[in-house]
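Asks: Contents of coords.tsv (TSV, C-alpha atoms and all ligand atoms):
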chain	number	residue	atom	x	y	z
A	16	MET	CA	-13.98	20.47	21.56
A	17	GLY	CA	-15.55	17.72	19.50
A	18	VAL	CA	-15.80	17.19	15.79
A	19	LEU	CA	-19.48	18.02	15.53
A	20	SER	CA	-20.21	21.73	15.38
A	21	ASP	CA	-22.96	23.21	17.51
A	22	ASP	CA	-24.97	23.72	14.34
A	23	LEU	CA	-24.61	20.08	13.33
A	24	LYS	CA	-25.59	18.90	16.82
A	25	ALA	CA	-28.63	21.17	16.67
A	26	ARG	CA	-29.61	19.73	13.30
A	27	ILE	CA	-29.40	16.20	14.71
A	28	ARG	CA	-31.49	17.19	17.74
A	29	ALA	CA	-34.02	18.79	15.40
A	30	VAL	CA	-34.83	15.44	13.73
A	31	LEU	CA	-35.40	13.59	17.01
A	32	PRO	CA	-39.09	14.56	17.40
A	33	LYS	CA	-39.85	12.79	14.13
A	34	TYR	CA	-39.04	9.42	15.67
A	35	PRO	CA	-40.63	7.42	18.49
A	36	ARG	CA	-37.24	6.77	20.13
A	37	LYS	CA	-33.91	8.50	19.82
A	38	GLN	CA	-32.30	5.29	18.58
A	39	ALA	CA	-34.52	5.42	15.49
A	40	ALA	CA	-32.74	8.62	14.47
A	41	THR	CA	-29.37	6.87	14.19
A	42	LEU	CA	-29.32	6.70	10.38
A	43	PRO	CA	-30.60	10.26	9.86
A	44	ALA	CA	-27.95	11.47	12.32
A	45	LEU	CA	-25.26	9.51	10.49
A	46	HIS	CA	-26.42	11.01	7.19
A	47	LEU	CA	-26.26	14.55	8.54
A	48	VAL	CA	-22.74	14.03	9.84
A	49	HIS	CA	-21.58	12.14	6.76
A	50	ASP	CA	-22.95	14.78	4.39
A	51	GLN	CA	-21.25	17.61	6.18
A	52	LEU	CA	-17.93	16.09	7.29
A	53	ARG	CA	-17.64	13.64	4.35
A	54	THR	CA	-16.77	10.93	6.90
A	55	VAL	CA	-17.94	9.63	10.28
A	56	SER	CA	-14.87	9.39	12.46
A	57	ASN	CA	-14.81	7.40	15.69
A	58	GLU	CA	-15.01	10.67	17.60
A	59	ALA	CA	-18.12	11.62	15.64
A	60	VAL	CA	-19.64	8.23	16.46
A	61	VAL	CA	-19.14	8.93	20.17
A	62	GLU	CA	-20.71	12.38	19.87
A	63	ILE	CA	-23.70	11.04	17.92
A	64	ALA	CA	-24.16	8.36	20.59
A	65	GLU	CA	-24.18	11.02	23.32
A	66	ILE	CA	-26.95	12.92	21.55
A	67	LEU	CA	-28.98	9.76	21.02
A	68	ASP	CA	-28.35	8.35	24.52
A	69	LEU	CA	-26.80	5.24	23.02
A	70	HIS	CA	-23.57	3.36	23.53
A	71	PRO	CA	-21.08	4.27	20.77
A	72	SER	CA	-20.99	0.62	19.71
A	73	GLU	CA	-24.68	0.83	18.80
A	74	VAL	CA	-24.05	3.75	16.48
A	75	PHE	CA	-20.92	2.08	15.12
A	76	ASP	CA	-22.82	-1.16	14.46
A	77	ALA	CA	-25.54	0.68	12.54
A	78	MET	CA	-22.97	2.63	10.56
A	79	THR	CA	-20.81	-0.31	9.59
A	80	PHE	CA	-23.81	-2.41	8.57
A	81	TYR	CA	-24.02	-0.18	5.50
A	82	ALA	CA	-21.16	0.18	3.06
A	83	PHE	CA	-22.53	3.64	2.32
A	84	TYR	CA	-20.74	5.44	5.13
A	85	LYS	CA	-17.06	6.32	5.17
A	86	GLY	CA	-15.59	5.76	8.62
A	87	GLU	CA	-12.38	6.53	10.52
A	88	GLY	CA	-9.50	7.14	8.15
A	89	GLU	CA	-11.71	7.39	5.07
A	90	ARG	CA	-13.11	10.52	3.52
A	91	LEU	CA	-15.46	11.24	0.66
A	92	GLY	CA	-14.40	13.62	-2.04
A	93	LYS	CA	-16.41	16.75	-2.76
A	94	THR	CA	-18.56	14.72	-5.12
A	95	ARG	CA	-19.49	11.07	-4.89
A	96	LEU	CA	-19.82	9.56	-8.34
A	97	TRP	CA	-21.61	6.24	-8.50
A	98	VAL	CA	-21.51	4.20	-11.70
A	99	CYS	CA	-24.33	1.69	-11.84
A	100	ARG	CA	-23.38	-1.85	-12.73
A	101	GLY	CA	-26.84	-3.37	-12.37
A	102	LEU	CA	-28.15	-5.65	-15.11
A	103	ALA	CA	-29.57	-3.02	-17.47
A	104	CYS	CA	-26.48	-0.87	-17.15
A	105	MET	CA	-24.14	-3.84	-17.40
A	106	LEU	CA	-25.79	-4.86	-20.67
A	107	ARG	CA	-25.23	-1.34	-21.99
A	108	GLY	CA	-21.55	-1.06	-21.14
A	109	ALA	CA	-21.33	-0.28	-17.42
A	110	TYR	CA	-18.23	-2.39	-16.85
A	111	GLU	CA	-16.41	-0.59	-19.63
A	112	LEU	CA	-17.67	2.71	-18.26
A	113	ILE	CA	-16.35	1.88	-14.80
A	114	GLU	CA	-12.95	1.01	-16.27
A	115	HIS	CA	-13.02	4.23	-18.26
A	116	CYS	CA	-13.82	6.34	-15.18
A	117	GLU	CA	-11.17	4.54	-13.12
A	118	ALA	CA	-8.56	5.27	-15.78
A	119	LYS	CA	-9.68	8.87	-16.20
A	120	LEU	CA	-9.71	9.56	-12.46
A	121	GLY	CA	-6.66	7.43	-11.62
A	122	VAL	CA	-8.47	5.62	-8.81
A	123	HIS	CA	-10.38	2.40	-8.35
A	124	CYS	CA	-13.98	2.23	-7.20
A	125	GLY	CA	-14.17	3.03	-3.51
A	126	GLN	CA	-11.28	5.48	-3.71
A	127	THR	CA	-11.04	9.26	-3.76
A	128	THR	CA	-8.89	11.23	-6.17
A	129	PRO	CA	-5.77	12.72	-4.55
A	130	ASP	CA	-7.15	16.25	-5.10
A	131	GLY	CA	-10.23	15.29	-3.06
A	132	ALA	CA	-12.58	16.15	-5.93
A	133	VAL	CA	-14.27	12.82	-6.61
A	134	THR	CA	-14.97	9.56	-4.84
A	135	LEU	CA	-15.74	6.89	-7.41
A	136	GLU	CA	-18.11	4.07	-6.47
A	137	PHE	CA	-20.12	1.38	-8.19
A	138	ALA	CA	-23.77	0.81	-7.43
A	139	GLU	CA	-26.33	-1.92	-8.03
A	140	CYS	CA	-29.33	-0.40	-9.86
A	141	ILE	CA	-29.94	3.22	-9.03
A	142	GLY	CA	-33.47	3.18	-10.41
A	143	ALA	CA	-32.63	4.73	-13.75
A	144	CYS	CA	-32.62	1.64	-15.99
A	145	ASP	CA	-34.33	3.52	-18.83
A	146	GLY	CA	-31.24	5.70	-19.00
A	147	ALA	CA	-28.69	2.89	-18.84
A	148	PRO	CA	-25.83	3.13	-18.41
A	149	ALA	CA	-26.52	5.53	-15.59
A	150	CYS	CA	-24.57	7.27	-12.86
A	151	LEU	CA	-25.40	9.15	-9.71
A	152	ARG	CA	-23.65	12.42	-9.12
A	153	ASP	CA	-24.25	12.65	-5.39
A	154	ASP	CA	-28.07	12.50	-5.42
A	155	VAL	CA	-28.64	13.38	-9.07
A	156	HIS	CA	-29.07	10.88	-11.89
A	157	VAL	CA	-26.98	11.20	-15.02
A	158	MET	CA	-28.47	9.10	-17.81
A	159	ASP	CA	-27.17	7.50	-20.99
A	160	VAL	CA	-23.57	7.99	-19.96
A	161	THR	CA	-21.12	7.50	-22.79
A	162	PRO	CA	-17.36	7.65	-22.19
A	163	GLU	CA	-17.41	11.13	-23.74
A	164	LYS	CA	-20.20	12.25	-21.41
A	165	ALA	CA	-18.30	10.77	-18.47
A	166	ASP	CA	-15.21	12.76	-19.48
A	167	GLU	CA	-17.21	16.00	-19.55
A	168	LEU	CA	-18.72	15.20	-16.16
A	169	ILE	CA	-15.33	14.39	-14.65
A	170	GLN	CA	-13.86	17.61	-16.03
A	171	GLU	CA	-16.70	19.56	-14.49
A	172	LEU	CA	-16.29	17.83	-11.13
A	173	ARG	CA	-12.57	18.54	-11.09
A	174	ARG	CA	-13.28	22.26	-11.62
A	175	LYS	CA	-15.82	22.39	-8.76
B	201	LIG	S1	-29.47	-1.33	-13.64
B	201	LIG	FE1	-28.51	0.61	-13.69
B	201	LIG	S2	-30.09	1.94	-13.15
B	201	LIG	FE2	-31.03	0.01	-13.03
Spit out the file's structure as structure tokens when you get a sec.

Replies:
Amino acid sequence: MGVLSDDLKARIRAVLPKYPRKQAATLPALHLVHDQLRTVSNEAVVEIAEILDLHPSEVFDAMTFYAFYKGEGERLGKTRLWVCRGLACMLRGAYELIEHCEAKLGVHCGQTTPDGAVTLEFAECIGACDGAPACLRDDVHVMDVTPEKADELIQELRRK
């Protein structure tokens, strides 16, 4: 019994026809696994490789090229909260906002709260400079984030 459910394997197989070669589906497959399991363990890497007819090292290489994926021994919280520290956001208080969020959540960027609710990250420009300082709540932009707004957001995420 592996770590990928039959449903998850089927969803990976379903994206294969969109690509000229199975290898080209490595990142989409990693995303599917990462989204559902909140991590890509070594066992998951092996199972993805089996589906894609690759050596596990090829999947592992692709995964570890990007800091985006959490691997063996790491796990995302229910929500991934990115605080942008790109230039526009930095000029409008992003560093202070990051410190504020770290203090409020009791973790540093890259870490997950002990209750598993939130993984805090920093990002470099999330394409929302007109709403600086900006955050990403998973895939959703949150604009003009003040410390007060961040507190409300964090409270909401902890209740989720
Ligand atoms: S610099 Fe933060 S969104 Fe662009």

Asks: Between atom CA of Thr54 of chain A and atom CA of Glu87 of chain A, what is the spacing in Å?

Replies: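 Separating atom CA of Glu87 of chain A from atom CA of Thr54 of chain A is a distance of 7.2 Å.
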
Asks: Using only C-alpha atoms - which residues lie no farther than 10 Å from the point (-32.8, 2.2, -16.4) in the file's frame? Write them as a ChimeraX atom specification.

Replies: /A:99,101-104,140-149,158-159

Asks: If I take atom CA of Ser20 of chain A and atom CA of Val61 of chain A, how far is one from the other in Å, to one decimal?

Replies: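 Those two atoms sit 13.7 Å apart.
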
Asks: With a distance cut-off of 8 Å and all atoms listed in the file, select the neighbouring residues of Leu172 of chain A, excluding the residue or stretch itself and same-chain residues fewer than 4 positions from it, and output the selection as an MDAnalysis selection string.

Replies: chainID A and resid 94 132:133 168

Asks: Please provide as a PyMOL selection string all residues within 10 Å of Leu52 of chain A, with the sequence filter that same-chain residues fewer than 4 positions apart are discarded (counting all atoms listed in the file).

Replies: chain A and resi 18-19+23+46-48+56+59+90-91

Asks: Kindly indicate which residue among A:Tyr34, A:Phe137, A:Phe75, A:Phe80 lies nearest to Cys116 of chain A, using only C-alpha atoms for the distances.

Replies: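 Smallest separation from Cys116 of chain A among the options: A:Phe137.
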
Asks: Check the smallest atom-to-atom distance from each of A:His115, A:Lys164, A:Arg100, A:Arg173 to ligand LIG 201 (chain B) using all atoms listed in the file, then report the winner.

Replies: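 That would be A:Arg100, the residue with the smallest distance to ligand LIG 201 (chain B).
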
Asks: Go through A:Gly131, A:Lys24, A:Gln38, A:Ala138 one by one, measure the shortest atom-to-atom distance of each to Tyr110 of chain A using all atoms listed in the file, and give the residue with the smallest value.

Replies: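 Residue with the minimum atom-to-atom distance to Tyr110 of chain A: A:Ala138.
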
Asks: With 3 Å on each side, where is the centre of the axis-aligned box around all listed atoms of segment 107-116 of chain A, and how long are its edges in Å to one decimal, as AutoDock Vina command-line options?

Replies:
--center_x -19.1 --center_y 2.0 --center_z -18.4 --size_x 18.3 --size_y 14.7 --size_z 13.2

Asks: Choose the residue, out of A:Glu89, A:Asp166, A:Glu65, A:Glu139, that has the smallest atom-to-atom separation from ligand LIG 201 (chain B); count all atoms listed in the file.

Replies: A:Glu139

Asks: With all atoms listed in the file as the atoms that count, which of A:Cys124, A:Met105, A:Ile63, A:Ile113 lies nearest to ligand LIG 201 (chain B)?

Replies: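 Between A:Cys124, A:Met105, A:Ile63, A:Ile113, the residue approaching ligand LIG 201 (chain B) most closely is A:Met105.
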
Asks: Could you tell me how far atom FE1 of ligand LIG 201 (chain B) sits from atom CA of Glu171 of chain A, in Å to one decimal place?

Replies: 22.3 Å

Asks: With all atoms listed in the file as the atoms that count, which of A:Glu163, A:Asp50, A:Glu62, A:Asp154 lies nearest to Lys85 of chain A?

Replies: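 The closest residue to Lys85 of chain A is A:Asp50.
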
Asks: Please, which residues in segment 36-140 of chain A fall within 7 Å of segment 25-32 of chain A when counting all atoms listed in the file, and what is the closest atom pair and distance in Å to one decimal for each, ordered by chain then residue number, as CSV?

Replies:
residue,atom,partner,partner_atom,distance
A:Lys37,CA,A:Leu31,CA,6.0
A:Ala40,CA,A:Leu31,CA,6.2
A:Ala44,CA,A:Ile27,CA,5.5
